[in-house]
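File shown: model_27.pdb (PDB, C-alpha atoms).
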ATOM      1  CA  MET H   1      59.228  24.241 -75.786
ATOM      2  CA  ILE H   2      57.799  27.506 -74.479
ATOM      3  CA  SER H   3      60.208  29.996 -73.024
ATOM      4  CA  SER H   4      59.557  30.893 -69.404
ATOM      5  CA  THR H   5      60.809  34.389 -70.071
ATOM      6  CA  ALA H   6      58.650  36.914 -71.894
ATOM      7  CA  PRO H   7      60.074  38.489 -75.035
ATOM      8  CA  GLU H   8      61.620  41.860 -74.294
ATOM      9  CA  ASN H   9      58.762  43.786 -75.897
ATOM     10  CA  VAL H  10      55.940  41.739 -74.330
ATOM     11  CA  LYS H  11      54.144  43.737 -71.666
ATOM     12  CA  ASP H  12      50.646  42.894 -70.531
ATOM     13  CA  VAL H  13      49.899  46.480 -69.497
ATOM     14  CA  HIS H  14      47.602  46.855 -72.500
ATOM     15  CA  GLY H  15      45.724  43.624 -71.881
ATOM     16  CA  VAL H  16      47.532  41.527 -74.498
ATOM     17  CA  ARG H  17      46.245  38.270 -73.082
ATOM     18  CA  GLU H  18      42.668  39.547 -73.036
ATOM     19  CA  ARG H  19      42.949  40.779 -76.632
ATOM     20  CA  ILE H  20      44.186  37.352 -77.721
ATOM     21  CA  LEU H  21      41.315  35.637 -75.892
ATOM     22  CA  THR H  22      38.783  37.959 -77.522
ATOM     23  CA  ALA H  23      40.282  37.438 -80.963
ATOM     24  CA  GLY H  24      40.448  33.688 -80.424
ATOM     25  CA  ARG H  25      36.816  33.557 -79.343
ATOM     26  CA  ALA H  26      35.716  35.345 -82.519
ATOM     27  CA  GLU H  27      37.925  33.249 -84.818
ATOM     28  CA  PHE H  28      37.014  29.885 -83.294
ATOM     29  CA  ALA H  29      33.299  30.703 -83.198
ATOM     30  CA  GLN H  30      33.437  31.538 -86.893
ATOM     31  CA  ASN H  31      35.732  28.781 -88.158
ATOM     32  CA  GLY H  32      36.083  26.145 -85.442
ATOM     33  CA  LEU H  33      39.272  24.778 -83.960
ATOM     34  CA  GLY H  34      40.495  22.933 -87.048
ATOM     35  CA  ALA H  35      40.044  25.771 -89.533
ATOM     36  CA  GLY H  36      40.780  28.557 -87.074
ATOM     37  CA  SER H  37      43.917  30.460 -88.005
ATOM     38  CA  VAL H  38      46.568  31.573 -85.543
ATOM     39  CA  ARG H  39      47.602  34.205 -88.070
ATOM     40  CA  ALA H  40      44.041  35.549 -88.230
ATOM     41  CA  ILE H  41      43.848  35.593 -84.429
ATOM     42  CA  GLY H  42      47.106  37.509 -84.298
ATOM     43  CA  GLU H  43      45.836  40.039 -86.824
ATOM     44  CA  ARG H  44      42.608  40.505 -84.879
ATOM     45  CA  ALA H  45      44.521  40.978 -81.613
ATOM     46  CA  GLY H  46      47.345  43.023 -83.076
ATOM     47  CA  VAL H  47      50.017  40.554 -81.956
ATOM     48  CA  THR H  48      52.381  38.028 -83.536
ATOM     49  CA  ALA H  49      51.984  34.251 -83.567
ATOM     50  CA  ALA H  50      55.016  34.086 -81.269
ATOM     51  CA  MET H  51      53.160  36.141 -78.672
ATOM     52  CA  ILE H  52      50.151  33.822 -78.898
ATOM     53  CA  ASN H  53      52.467  30.875 -78.302
ATOM     54  CA  TYR H  54      54.127  32.673 -75.404
ATOM     55  CA  TYR H  55      50.846  33.420 -73.650
ATOM     56  CA  PHE H  56      48.984  30.189 -74.456
ATOM     57  CA  GLY H  57      51.370  27.596 -75.886
ATOM     58  CA  GLY H  58      49.582  27.004 -79.183
ATOM     59  CA  LYS H  59      46.229  26.966 -80.910
ATOM     60  CA  ARG H  60      44.636  24.080 -78.987
ATOM     61  CA  ALA H  61      45.680  25.559 -75.657
ATOM     62  CA  LEU H  62      44.283  28.948 -76.689
ATOM     63  CA  TYR H  63      41.015  27.291 -77.716
ATOM     64  CA  ASP H  64      40.757  25.525 -74.344
ATOM     65  CA  ALA H  65      41.494  28.806 -72.566
ATOM     66  CA  VAL H  66      38.803  30.614 -74.579
ATOM     67  CA  VAL H  67      36.148  28.036 -73.659
ATOM     68  CA  SER H  68      37.250  27.727 -70.023
ATOM     69  CA  GLU H  69      37.305  31.480 -69.528
ATOM     70  CA  ALA H  70      33.804  31.867 -70.943
ATOM     71  CA  GLN H  71      32.520  28.969 -68.861
ATOM     72  CA  ALA H  72      33.993  30.485 -65.722
ATOM     73  CA  ARG H  73      32.258  33.792 -66.395
ATOM     74  CA  LEU H  74      28.963  31.983 -67.022
ATOM     75  CA  GLY H  75      29.398  30.059 -63.780
ATOM     76  CA  ARG H  76      29.973  33.252 -61.829
ATOM     77  CA  ARG H  77      26.912  34.877 -63.400
ATOM     78  CA  LEU H  78      24.673  31.915 -62.566
ATOM     79  CA  SER H  79      26.068  31.579 -59.040
ATOM     80  CA  ALA H  80      25.226  35.209 -58.374
ATOM     81  CA  ALA H  81      21.708  34.672 -59.734
ATOM     82  CA  VAL H  82      20.917  31.737 -57.435
ATOM     83  CA  ALA H  83      22.145  33.479 -54.285
ATOM     84  CA  GLY H  84      19.305  34.402 -51.974
ATOM     85  CA  ASP H  85      15.788  33.081 -51.414
ATOM     86  CA  ARG H  86      14.361  30.008 -53.124
ATOM     87  CA  ALA H  87      11.390  32.086 -54.312
ATOM     88  CA  GLY H  88      11.899  33.192 -57.898
ATOM     89  CA  LEU H  89      15.043  31.106 -58.259
ATOM     90  CA  ALA H  90      14.281  29.512 -61.640
ATOM     91  CA  PRO H  91      13.308  32.817 -63.308
ATOM     92  CA  ARG H  92      16.469  34.472 -61.940
ATOM     93  CA  LEU H  93      18.594  31.609 -63.234
ATOM     94  CA  ALA H  94      16.939  31.668 -66.659
ATOM     95  CA  ALA H  95      17.268  35.454 -66.924
ATOM     96  CA  ALA H  96      20.956  35.345 -65.960
ATOM     97  CA  HIS H  97      21.679  32.624 -68.525
ATOM     98  CA  PHE H  98      19.753  34.491 -71.206
ATOM     99  CA  ASP H  99      21.532  37.774 -70.465
ATOM    100  CA  PHE H 100      24.925  36.096 -70.581
ATOM    101  CA  LEU H 101      24.265  34.494 -73.971
ATOM    102  CA  SER H 102      22.811  37.757 -75.287
ATOM    103  CA  GLU H 103      26.145  39.344 -74.481
ATOM    104  CA  GLU H 104      28.221  36.271 -75.451
ATOM    105  CA  PRO H 105      26.567  34.579 -78.464
ATOM    106  CA  GLU H 106      29.961  33.287 -79.589
ATOM    107  CA  LEU H 107      30.094  30.873 -76.639
ATOM    108  CA  GLN H 108      27.166  28.861 -77.942
ATOM    109  CA  ARG H 109      28.656  28.709 -81.444
ATOM    110  CA  LEU H 110      31.977  27.579 -79.972
ATOM    111  CA  LEU H 111      30.374  24.702 -78.089
ATOM    112  CA  LEU H 112      28.211  23.667 -81.030
ATOM    113  CA  ARG H 113      31.265  23.613 -83.289
ATOM    114  CA  GLU H 114      33.126  21.528 -80.727
ATOM    115  CA  VAL H 115      30.386  18.889 -80.818
ATOM    116  CA  LEU H 116      29.996  18.934 -84.610
ATOM    117  CA  ASP H 117      33.735  18.893 -85.291
ATOM    118  CA  GLN H 118      34.246  16.200 -82.652
ATOM    119  CA  GLY H 119      37.481  17.833 -81.618
ATOM    120  CA  GLN H 120      37.122  15.766 -78.476
ATOM    121  CA  SER H 121      34.569  13.213 -77.365
ATOM    122  CA  VAL H 122      31.102  14.523 -76.579
ATOM    123  CA  ARG H 123      31.308  12.841 -73.175
ATOM    124  CA  GLU H 124      34.472  14.761 -72.344
ATOM    125  CA  LEU H 125      32.887  17.995 -73.530
ATOM    126  CA  ALA H 126      29.816  17.327 -71.397
ATOM    127  CA  ALA H 127      31.926  16.635 -68.325
ATOM    128  CA  ARG H 128      33.855  19.858 -68.819
ATOM    129  CA  TYR H 129      30.910  22.123 -69.616
ATOM    130  CA  VAL H 130      27.725  20.605 -68.235
ATOM    131  CA  GLN H 131      28.789  19.047 -64.941
ATOM    132  CA  PRO H 132      29.552  22.341 -63.151
ATOM    133  CA  LEU H 133      26.161  23.671 -64.260
ATOM    134  CA  ARG H 134      24.444  20.482 -63.114
ATOM    135  CA  ALA H 135      26.145  20.668 -59.723
ATOM    136  CA  LEU H 136      24.953  24.243 -59.293
ATOM    137  CA  PHE H 137      21.417  23.286 -60.320
ATOM    138  CA  GLU H 138      21.265  20.216 -58.057
ATOM    139  CA  GLN H 139      22.433  22.274 -55.102
ATOM    140  CA  HIS H 140      19.376  24.508 -55.373
ATOM    141  CA  PHE H 141      16.708  22.360 -57.049
ATOM    142  CA  GLY H 142      17.594  18.773 -56.136
ATOM    143  CA  ALA H 143      18.639  15.773 -58.234
ATOM    144  CA  ASP H 144      15.371  13.903 -58.783
ATOM    145  CA  ASP H 145      13.989  13.394 -62.273
ATOM    146  CA  GLU H 146      11.538  16.308 -62.104
ATOM    147  CA  ALA H 147      14.319  18.684 -61.105
ATOM    148  CA  LEU H 148      16.526  17.440 -63.946
ATOM    149  CA  GLN H 149      13.667  17.802 -66.438
ATOM    150  CA  LEU H 150      13.222  21.373 -65.219
ATOM    151  CA  ALA H 151      16.934  21.974 -65.899
ATOM    152  CA  VAL H 152      16.649  20.546 -69.428
ATOM    153  CA  SER H 153      13.582  22.685 -70.169
ATOM    154  CA  LEU H 154      15.214  25.871 -68.887
ATOM    155  CA  PHE H 155      18.487  25.187 -70.684
ATOM    156  CA  GLY H 156      16.705  24.384 -73.936
ATOM    157  CA  ALA H 157      14.478  27.445 -73.781
ATOM    158  CA  VAL H 158      17.461  29.726 -73.316
ATOM    159  CA  ALA H 159      20.276  28.098 -75.298
ATOM    160  CA  GLY H 160      18.116  26.987 -78.224
ATOM    161  CA  TYR H 161      17.255  30.570 -79.061
ATOM    162  CA  PHE H 162      20.924  31.359 -79.665
ATOM    163  CA  LEU H 163      21.900  28.034 -81.236
ATOM    164  CA  TYR H 164      19.200  28.235 -83.913
ATOM    165  CA  GLU H 165      19.540  31.952 -84.594
ATOM    166  CA  PRO H 166      19.463  31.767 -88.448
ATOM    167  CA  LEU H 167      16.377  29.533 -88.487
ATOM    168  CA  LEU H 168      14.612  31.603 -85.846
ATOM    169  CA  GLY H 169      15.328  34.776 -87.782
ATOM    170  CA  ALA H 170      13.571  33.342 -90.809
ATOM    171  CA  PHE H 171      10.725  31.963 -88.669
ATOM    172  CA  LEU H 172      10.129  35.179 -86.728
ATOM    173  CA  GLY H 173      10.810  37.510 -89.625
ATOM    174  CA  VAL H 174      13.099  39.656 -87.462
ATOM    175  CA  ASP H 175      16.725  39.740 -86.412
ATOM    176  CA  PRO H 176      16.783  37.508 -83.288
ATOM    177  CA  HIS H 177      19.524  39.700 -81.822
ATOM    178  CA  SER H 178      17.706  42.985 -82.283
ATOM    179  CA  PRO H 179      16.946  44.705 -78.950
ATOM    180  CA  GLY H 180      13.206  44.267 -79.391
ATOM    181  CA  ALA H 181      13.424  40.561 -80.234
ATOM    182  CA  LEU H 182      15.771  39.897 -77.324
ATOM    183  CA  ALA H 183      13.524  41.767 -74.895
ATOM    184  CA  ARG H 184      10.450  39.801 -76.015
ATOM    185  CA  ARG H 185      12.265  36.475 -75.777
ATOM    186  CA  ARG H 186      13.668  37.341 -72.353
ATOM    187  CA  ARG H 187      10.176  38.133 -71.017
ATOM    188  CA  HIS H 188       8.878  34.855 -72.412
ATOM    189  CA  VAL H 189      11.744  32.849 -70.914
ATOM    190  CA  ILE H 190      11.125  34.371 -67.483
ATOM    191  CA  ARG H 191       7.385  33.600 -67.682
ATOM    192  CA  LEU H 192       8.169  30.050 -68.801
ATOM    193  CA  ALA H 193      10.694  29.577 -65.990
ATOM    194  CA  THR H 194       8.152  30.825 -63.445
ATOM    195  CA  HIS H 195       5.557  28.341 -64.735
ATOM    196  CA  LEU H 196       8.033  25.436 -64.806
ATOM    197  CA  ASP H 197       9.210  26.262 -61.303
ATOM    198  CA  GLU H 198       5.636  26.224 -60.005
ATOM    199  CA  MET H 199       5.030  22.854 -61.677
ATOM    200  CA  ASN H 200       8.153  21.446 -60.030
ATOM    201  CA  ARG H 201       7.156  22.375 -56.463
TER     202      ARG H 201
END
Take the structure in this file and express it as structure tokens.
Amino acid sequence: MISSTAPENVKDVHGVRERILTAGRAEFAQNGLGAGSVRAIGERAGVTAAMINYYFGGKRALYDAVVSEAQARLGRRLSAAVAGDRAGLAPRLAAAHFDFLSEEPELQRLLLREVLDQGQSVRELAARYVQPLRALFEQHFGADDEALQLAVSLFGAVAGYFLYEPLLGAFLGVDPHSPGALARRRRHVIRLATHLDEMNR
């Protein structure tokens, strides 16, 4: 049972919770939930396992918090991108998603590991991760088949670049995360989104 009272020396003035989330994101992206180590997370964050349990209640709860927190930030980024006129909406959405994953490549690895490790059913994962994105998309583009195909194409063009990073590095002959490679891919994604949007009108 988790104590409702913080240990005497636990103060969040230095962002302890945020440090644990950051360390957990790195550890889980690298090793997955099953092989992820609470001890390693503690070492990364500069805290004890007891503090991780105090703030999150255990490894699974920390993992869920890591994914939920990243999803919430992605949702806010995409919501800001779709605010405003319908013109240029798809390119803005694609650019916002691309920028987020450029800054947060660990999120994609986390989700891919979740599917591969089958830590929970794929249907449950989809409901937790995809449904909020689908709701946002349907609100602005509609729910007919053409609109959904547009969503799949945009999502694939953006997310696939980060999911298949090692293969793409070998294919392109460059580091996919180098500034130049990211800038070129971002321009291409925006052009593709503009074309797909025009096709969907």
Query raised in the report: Could you list as a list in words every residue that has an atom within 12 Å of (13.4, 31.5, -55.0), using the file's coordinates and counting all atoms listed in the file?
Result: Ala81, Val82, Ala83, Gly84, Asp85, Arg86, Ala87, Gly88, Leu89, Ala90, Pro91, Arg92, Leu93, His140, Phe141, Ala193, Thr194, Asp197, Glu198 and Arg201 of chain H
Requested in this report: For each of H:Arg39, H:Asp144, H:Val16, H:Ala29, take the minimum atom-to-atom distance to Pro105 (chain H), counting all atoms listed in the file, then give the residue where this is smallest.
Outcome: H:Ala29
Using all atoms of region 60-66 of chain H that appear in the file, construct an axis-aligned enclosing box with 4 Å of padding on every side and provide its centre coordinates and edge lengths in Å, rounded to one decimal, as JSON.
{"center_x": 42.2, "center_y": 27.3, "center_z": -75.8, "size_x": 14.9, "size_y": 14.5, "size_z": 14.4}
Distance table requested - region 36-155 of chain H against region 181-187 of chain H, cut-off 9 Å, only C-alpha atoms: one row per qualifying residue with the closest atom pair and its distance in Å to one decimal, ordered by chain and rising residue number, as JSON lines.
{"residue": "H:Ala94", "atom": "CA", "partner": "H:Arg186", "partner_atom": "CA", "distance": 8.7}
{"residue": "H:Ala95", "atom": "CA", "partner": "H:Arg186", "partner_atom": "CA", "distance": 6.8}
{"residue": "H:Phe98", "atom": "CA", "partner": "H:Arg186", "partner_atom": "CA", "distance": 6.8}
{"residue": "H:Asp99", "atom": "CA", "partner": "H:Arg186", "partner_atom": "CA", "distance": 8.1}
{"residue": "H:Ser102", "atom": "CA", "partner": "H:Leu182", "partner_atom": "CA", "distance": 7.6}
Requested in this report: Specify as a list in words each residue included when the PyMOL selection byres ((chain H and resi 43) around 12) is applied to this file.
Outcome: Arg19, Ile20, Thr22, Ala23, Gly24, Ala26, Glu27, Ser37, Val38, Arg39, Ala40, Ile41, Gly42, Arg44, Ala45, Gly46, Val47, Thr48, Ala49, Met51 and Ile52 of chain H
